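Asker: Sharing protein27.tsv (TSV, C-alpha atoms) below.
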chain	number	residue	atom	x	y	z
A	1408	MET	CA	184.90	138.60	170.49
A	1409	ASP	CA	183.99	135.08	171.55
A	1410	VAL	CA	180.90	134.17	173.53
A	1411	LYS	CA	182.88	133.49	176.71
A	1412	GLU	CA	184.30	137.01	176.73
A	1413	ILE	CA	180.88	138.55	176.06
A	1414	ALA	CA	179.40	136.49	178.89
A	1415	ARG	CA	182.28	137.53	181.15
A	1416	ARG	CA	181.66	141.20	180.43
A	1417	LEU	CA	177.92	140.86	181.03
A	1418	THR	CA	178.57	139.06	184.33
A	1419	GLU	CA	181.45	141.01	185.87
A	1420	ASP	CA	181.56	144.44	184.25
A	1421	PRO	CA	178.23	145.87	185.46
A	1422	TRP	CA	179.70	145.53	188.96
A	1423	ARG	CA	182.82	147.43	187.91
A	1424	GLY	CA	180.93	150.59	187.01
A	1425	LYS	CA	180.46	149.59	183.37
A	1426	LEU	CA	176.73	148.86	183.23
A	1427	ASP	CA	176.09	151.33	180.42
A	1428	GLU	CA	179.02	149.98	178.42
A	1429	VAL	CA	177.95	146.34	178.59
A	1430	LEU	CA	174.45	147.13	177.30
A	1431	GLU	CA	176.11	147.09	173.89
A	1432	TYR	CA	176.22	143.30	174.30
A	1433	VAL	CA	172.55	142.93	175.22
A	1434	GLY	CA	170.23	142.36	172.30
A	1435	ASP	CA	167.00	144.31	171.95
A	1436	ASP	CA	165.29	140.91	171.93
A	1437	TYR	CA	167.11	139.75	175.08
A	1438	VAL	CA	165.04	137.58	177.41
A	1439	ALA	CA	166.34	136.38	180.78
A	1440	HIS	CA	164.53	133.70	182.73
A	1441	ILE	CA	164.91	133.83	186.49
A	1442	PRO	CA	163.24	131.21	188.71
A	1443	GLY	CA	160.61	132.79	190.90
A	1444	ALA	CA	160.37	135.99	188.88
A	1445	PRO	CA	156.80	136.80	187.76
A	1446	GLU	CA	158.00	137.87	184.32
A	1447	PRO	CA	161.17	137.35	182.31
A	1448	ILE	CA	163.61	140.22	181.98
A	1449	ARG	CA	163.38	141.76	178.53
A	1450	GLY	CA	165.70	143.91	176.48
A	1451	LYS	CA	168.39	146.38	177.44
A	1452	GLU	CA	166.19	148.28	179.86
A	1453	GLY	CA	165.09	145.10	181.55
A	1454	PHE	CA	168.71	144.11	181.98
A	1455	ARG	CA	169.57	147.54	183.33
A	1456	ALA	CA	166.66	147.56	185.77
A	1457	PHE	CA	167.48	144.07	187.02
A	1458	VAL	CA	171.14	144.86	187.66
A	1459	THR	CA	170.31	148.27	189.14
A	1460	SER	CA	167.88	146.75	191.64
A	1461	TYR	CA	170.64	144.57	193.05
A	1462	GLN	CA	173.21	147.34	192.90
A	1463	THR	CA	170.87	149.45	194.99
A	1464	ALA	CA	170.83	146.71	197.62
A	1465	PHE	CA	174.56	145.89	197.32
A	1466	PRO	CA	176.26	149.09	196.06
A	1467	GLU	CA	179.84	147.87	196.21
A	1468	ALA	CA	179.28	144.24	195.32
A	1469	THR	CA	181.44	142.28	192.95
A	1470	ILE	CA	180.80	139.23	190.83
A	1471	THR	CA	183.71	137.06	189.83
A	1472	ILE	CA	183.69	134.20	187.40
A	1473	ASP	CA	184.73	130.79	188.68
A	1474	ASP	CA	184.46	128.84	185.43
A	1475	GLN	CA	183.02	128.93	181.94
A	1476	ILE	CA	182.28	126.46	179.19
A	1477	ALA	CA	180.93	127.21	175.75
A	1478	GLU	CA	179.70	125.42	172.68
A	1479	GLY	CA	178.50	127.28	169.65
A	1480	GLU	CA	176.07	129.96	170.75
A	1481	GLN	CA	175.69	128.60	174.27
A	1482	VAL	CA	177.89	129.60	177.17
A	1483	VAL	CA	177.63	128.57	180.81
A	1484	THR	CA	179.16	130.79	183.45
A	1485	ARG	CA	179.59	129.80	187.07
A	1486	TRP	CA	180.09	132.81	189.31
A	1487	THR	CA	180.37	134.05	192.88
A	1488	GLY	CA	178.82	137.27	194.09
A	1489	ARG	CA	179.92	139.12	197.19
A	1490	GLY	CA	178.56	142.35	198.66
A	1491	THR	CA	177.27	144.20	201.69
A	1492	ASN	CA	173.54	144.85	201.96
A	1493	THR	CA	173.32	148.58	202.61
A	1494	GLY	CA	170.27	149.32	200.47
A	1495	GLU	CA	166.72	148.09	200.26
A	1496	LEU	CA	166.24	144.73	198.54
A	1497	LEU	CA	162.84	143.60	197.24
A	1498	GLY	CA	161.14	145.82	199.79
A	1499	MET	CA	163.25	144.56	202.68
A	1500	PRO	CA	165.22	147.09	204.75
A	1501	PRO	CA	169.02	146.86	204.55
A	1502	THR	CA	170.79	144.63	207.05
A	1503	GLY	CA	174.40	145.80	206.81
A	1504	LYS	CA	175.43	142.18	206.38
A	1505	GLU	CA	177.90	140.94	203.83
A	1506	ILE	CA	176.80	137.96	201.77
A	1507	THR	CA	178.50	135.47	199.48
A	1508	ILE	CA	176.41	133.58	196.97
A	1509	ARG	CA	177.04	131.39	193.99
A	1510	GLY	CA	175.15	131.16	190.75
A	1511	ILE	CA	175.14	129.88	187.21
A	1512	THR	CA	174.11	131.69	184.06
A	1513	TYR	CA	173.30	129.73	180.93
A	1514	GLY	CA	173.33	132.12	177.99
A	1515	ARG	CA	172.72	132.14	174.28
A	1516	ILE	CA	174.79	134.70	172.39
A	1517	VAL	CA	174.21	135.35	168.70
A	1518	ASP	CA	176.00	137.89	166.49
A	1519	GLY	CA	177.84	139.37	169.43
A	1520	LYS	CA	174.80	140.00	171.58
A	1521	ALA	CA	173.10	138.10	174.38
A	1522	ARG	CA	169.68	136.94	173.19
A	1523	GLU	CA	168.54	134.69	176.00
A	1524	ALA	CA	169.70	133.65	179.44
A	1525	TRP	CA	168.70	131.45	182.33
A	1526	ILE	CA	170.08	132.88	185.56
A	1527	ILE	CA	170.01	130.78	188.71
A	1528	TRP	CA	171.61	131.64	192.03
A	1529	ASP	CA	171.45	130.32	195.56
A	1530	THR	CA	168.48	132.37	196.70
A	1531	LEU	CA	168.07	130.24	199.80
A	1532	ALA	CA	171.62	131.04	200.92
A	1533	MET	CA	171.09	134.71	200.17
A	1534	MET	CA	167.97	134.81	202.35
A	1535	GLN	CA	169.65	132.82	205.11
A	1536	GLN	CA	172.64	135.14	205.15
A	1537	LEU	CA	170.42	138.21	205.25
A	1538	GLY	CA	168.50	136.69	208.14
A	1539	VAL	CA	165.20	136.65	206.29
A	1540	ILE	CA	164.78	132.90	206.74
A	1541	PRO	CA	166.27	130.64	209.41
A	1542	GLU	CA	169.55	128.82	208.91
A	1543	THR	CA	168.08	125.52	210.00
A	1544	ILE	CA	164.79	123.84	210.64
A	1545	PRO	CA	164.42	121.43	213.56
A	1546	ALA	CA	164.70	117.78	212.58
A	1547	SER	CA	161.33	117.07	214.08
A	1548	THR	CA	158.57	119.14	215.57
A	1549	THR	CA	156.53	116.22	216.94
B	1453	MET	CA	155.58	118.63	210.51
B	1454	VAL	CA	156.67	115.99	208.03
B	1455	ALA	CA	158.64	117.84	205.37
B	1456	PRO	CA	161.75	118.64	207.44
B	1457	VAL	CA	162.05	114.96	208.42
B	1458	TYR	CA	162.02	113.94	204.75
B	1459	LEU	CA	164.52	116.68	203.93
B	1460	GLY	CA	166.76	115.47	206.71
B	1461	ALA	CA	166.56	111.89	205.42
B	1462	MET	CA	167.36	112.98	201.88
B	1463	PHE	CA	170.07	115.57	202.49
B	1464	GLY	CA	171.23	114.74	205.98
B	1465	THR	CA	170.31	118.23	207.06
B	1466	PHE	CA	168.38	121.26	205.92
B	1467	PRO	CA	170.43	123.00	203.18
B	1468	GLN	CA	172.73	125.58	204.73
B	1469	SER	CA	174.62	128.43	203.21
B	1470	SER	CA	178.37	127.91	202.84
B	1471	HIS	CA	178.90	131.41	204.20
B	1472	MET	CA	177.22	133.36	206.98
B	1473	PRO	CA	177.76	136.93	208.11
B	1474	CYS	CA	179.52	137.33	211.45
B	1475	ALA	CA	177.06	138.45	214.11
B	1476	GLU	CA	179.57	140.99	215.45
B	1477	CYS	CA	180.95	142.62	212.32
B	1478	GLY	CA	178.69	141.46	209.48
B	1479	ALA	CA	181.58	140.12	207.38
B	1480	SER	CA	180.85	137.12	205.21
B	1481	VAL	CA	182.62	134.14	206.75
B	1482	GLU	CA	182.91	130.67	205.35
B	1483	ARG	CA	181.34	128.20	207.77
B	1484	ALA	CA	184.43	125.98	207.75
B	1485	ALA	CA	186.56	128.94	208.85
B	1486	ALA	CA	184.11	130.46	211.32
B	1487	ASN	CA	186.11	129.46	214.41
B	1488	ALA	CA	189.22	131.16	213.05
B	1489	HIS	CA	187.46	134.41	212.15
B	1490	VAL	CA	188.71	137.53	213.90
B	1491	CYS	CA	186.67	140.68	213.51
B	1492	ASP	CA	188.27	143.79	212.13
B	1493	ARG	CA	187.63	146.48	214.73
B	1494	GLU	CA	186.72	149.14	212.22
B	1495	ARG	CA	184.32	146.76	210.57
B	1496	VAL	CA	182.67	146.05	213.91
B	1497	LEU	CA	182.24	149.78	214.39
B	1498	ASP	CA	180.83	150.31	210.92
B	1499	PHE	CA	178.43	147.40	211.40
B	1500	ARG	CA	177.15	148.68	214.71
B	1501	LEU	CA	176.81	152.21	213.39
B	1502	PHE	CA	174.80	150.85	210.49
B	1503	GLN	CA	172.46	149.00	212.83
B	1504	LEU	CA	171.95	152.28	214.75
B	1505	ARG	CA	171.58	154.46	211.66
B	1506	ASP	CA	167.98	155.39	212.42
B	1507	GLU	CA	168.82	156.46	215.96
B	1508	ILE	CA	171.87	158.36	214.76
B	1509	GLY	CA	169.85	160.09	212.09
B	1510	ALA	CA	167.19	161.08	214.60
B	1511	PHE	CA	169.70	162.38	217.15
B	1512	ASP	CA	170.10	165.87	215.73
B	1513	ILE	CA	166.35	166.30	215.45
B	1514	GLN	CA	165.82	165.11	219.01
B	1515	LEU	CA	168.66	167.24	220.35
B	1516	THR	CA	167.32	170.34	218.61
B	1517	ALA	CA	163.87	169.69	220.01
B	1518	TRP	CA	165.21	169.18	223.52
B	1519	LEU	CA	167.31	172.34	223.39
B	1520	ALA	CA	164.12	174.22	222.61
B	1521	THR	CA	162.56	173.10	225.89
B	1522	ALA	CA	162.93	175.07	229.13
B	1523	ARG	CA	165.28	172.46	230.56
B	1524	GLY	CA	167.29	172.37	227.36
B	1525	ARG	CA	167.66	176.15	227.20
B	1526	PHE	CA	168.74	176.22	230.85
B	1527	SER	CA	171.29	173.45	230.26
B	1528	ALA	CA	172.70	175.34	227.29
B	1529	TRP	CA	172.91	178.54	229.39
B	1530	ILE	CA	174.71	176.68	232.20
B	1531	ALA	CA	177.15	175.09	229.76
B	1532	GLU	CA	177.98	178.45	228.17
B	1533	ARG	CA	178.44	180.06	231.56
B	1534	ASP	CA	180.77	177.26	232.68
B	1535	ARG	CA	182.73	177.50	229.44
B	1536	ARG	CA	183.31	181.21	229.93
B	1537	THR	CA	184.40	180.79	233.53
B	1538	GLY	CA	186.53	177.74	232.76
B	1539	GLU	CA	184.48	175.54	235.03
B	1540	ALA	CA	183.13	173.06	232.47
B	1541	ALA	CA	181.62	169.90	233.96
B	1542	PRO	CA	183.91	166.81	233.95
For this file, produce the structure as structure tokens.
Answerer:
Amino acid sequence: MDVKEIARRLTEDPWRGKLDEVLEYVGDDYVAHIPGAPEPIRGKEGFRAFVTSYQTAFPEATITIDDQIAEGEQVVTRWTGRGTNTGELLGMPPTGKEITIRGITYGRIVDGKAREAWIIWDTLAMMQQLGVIPETIPASTT
Amino acid sequence: MVAPVYLGAMFGTFPQSSHMPCAECGASVERAAANAHVCDRERVLDFRLFQLRDEIGAFDIQLTAWLATARGRFSAWIAERDRRTGEAAP
């Protein structure tokens, strides 16, 4: 299986009820770097906990892949996530609002397993859509 | 405040999400298509029920408590009497 397909499964399949299945493609030494996170995500259980936290907040969400490129062990996946916030997220009560966000995952896959990833998504847009932060800031407050 | 002025000069405007949830039904709507959006009625209902979930969840508890009061017991007695005589309130 090529790295693009492994990356596709790790990106889309957890949101199709296949979280346990895709852990086969997560290395025990997996490390995922997420901007703003106090610690990297580590290993299969870290991956599971990370995905589960967002599935709790967006139980019926989907992630679809928009594009992928790969070279050797590296694969870049551009994706769009869509879901309705009906569960608690990062301590915030659910809003009932549907959000659409885009992100990019840069992954390193060796011997059929993901070893390292850098996951970046439009957190600002997510917070704006949930109503946590304002959509705009006045041009001038003077 | 200085920062928003610089941001405006650099980006033209504060970064905005390409999609925003509709205020009436909560559906994710692309900004460019916002004027053409028409709410699905069932979705509006689901969205409003979700916003009222705490009140809805508390209703049974509150109703039970009220029925245990003197006024509540009397109202229940009146309703049962009217039901038996076929004179239920409109």
Asker: Atom CA of Gln1535 of chain A and atom CA of Pro1473 of chain B are how many Å apart?
Answerer: 9.6 Å
Asker: Atom CA of Met1533 of chain A and atom CA of Thr1493 of chain A, how far apart in Å?
Answerer: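 The value is 14.3 Å.
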Asker: Nearest residue to chain B out of A:Met1499, A:Ala1532, A:Met1408, A:Val1458, using only C-alpha atoms?
Answerer: A:Ala1532
Asker: Provide the atom CA of Asp1529 of chain A to atom CA of Gly1510 of chain A distance in Å, to one decimal place.
Answerer: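 Answer for the atom CA of Asp1529 of chain A to atom CA of Gly1510 of chain A separation: 6.1 Å.
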Asker: Give me the residues near Val1496 of chain B as a count of residues only, where near means some atom within 10 Å (using all atoms listed in the file) and where sequence neighbours in that chain fewer than 2 positions away do not count.
Answerer: 15
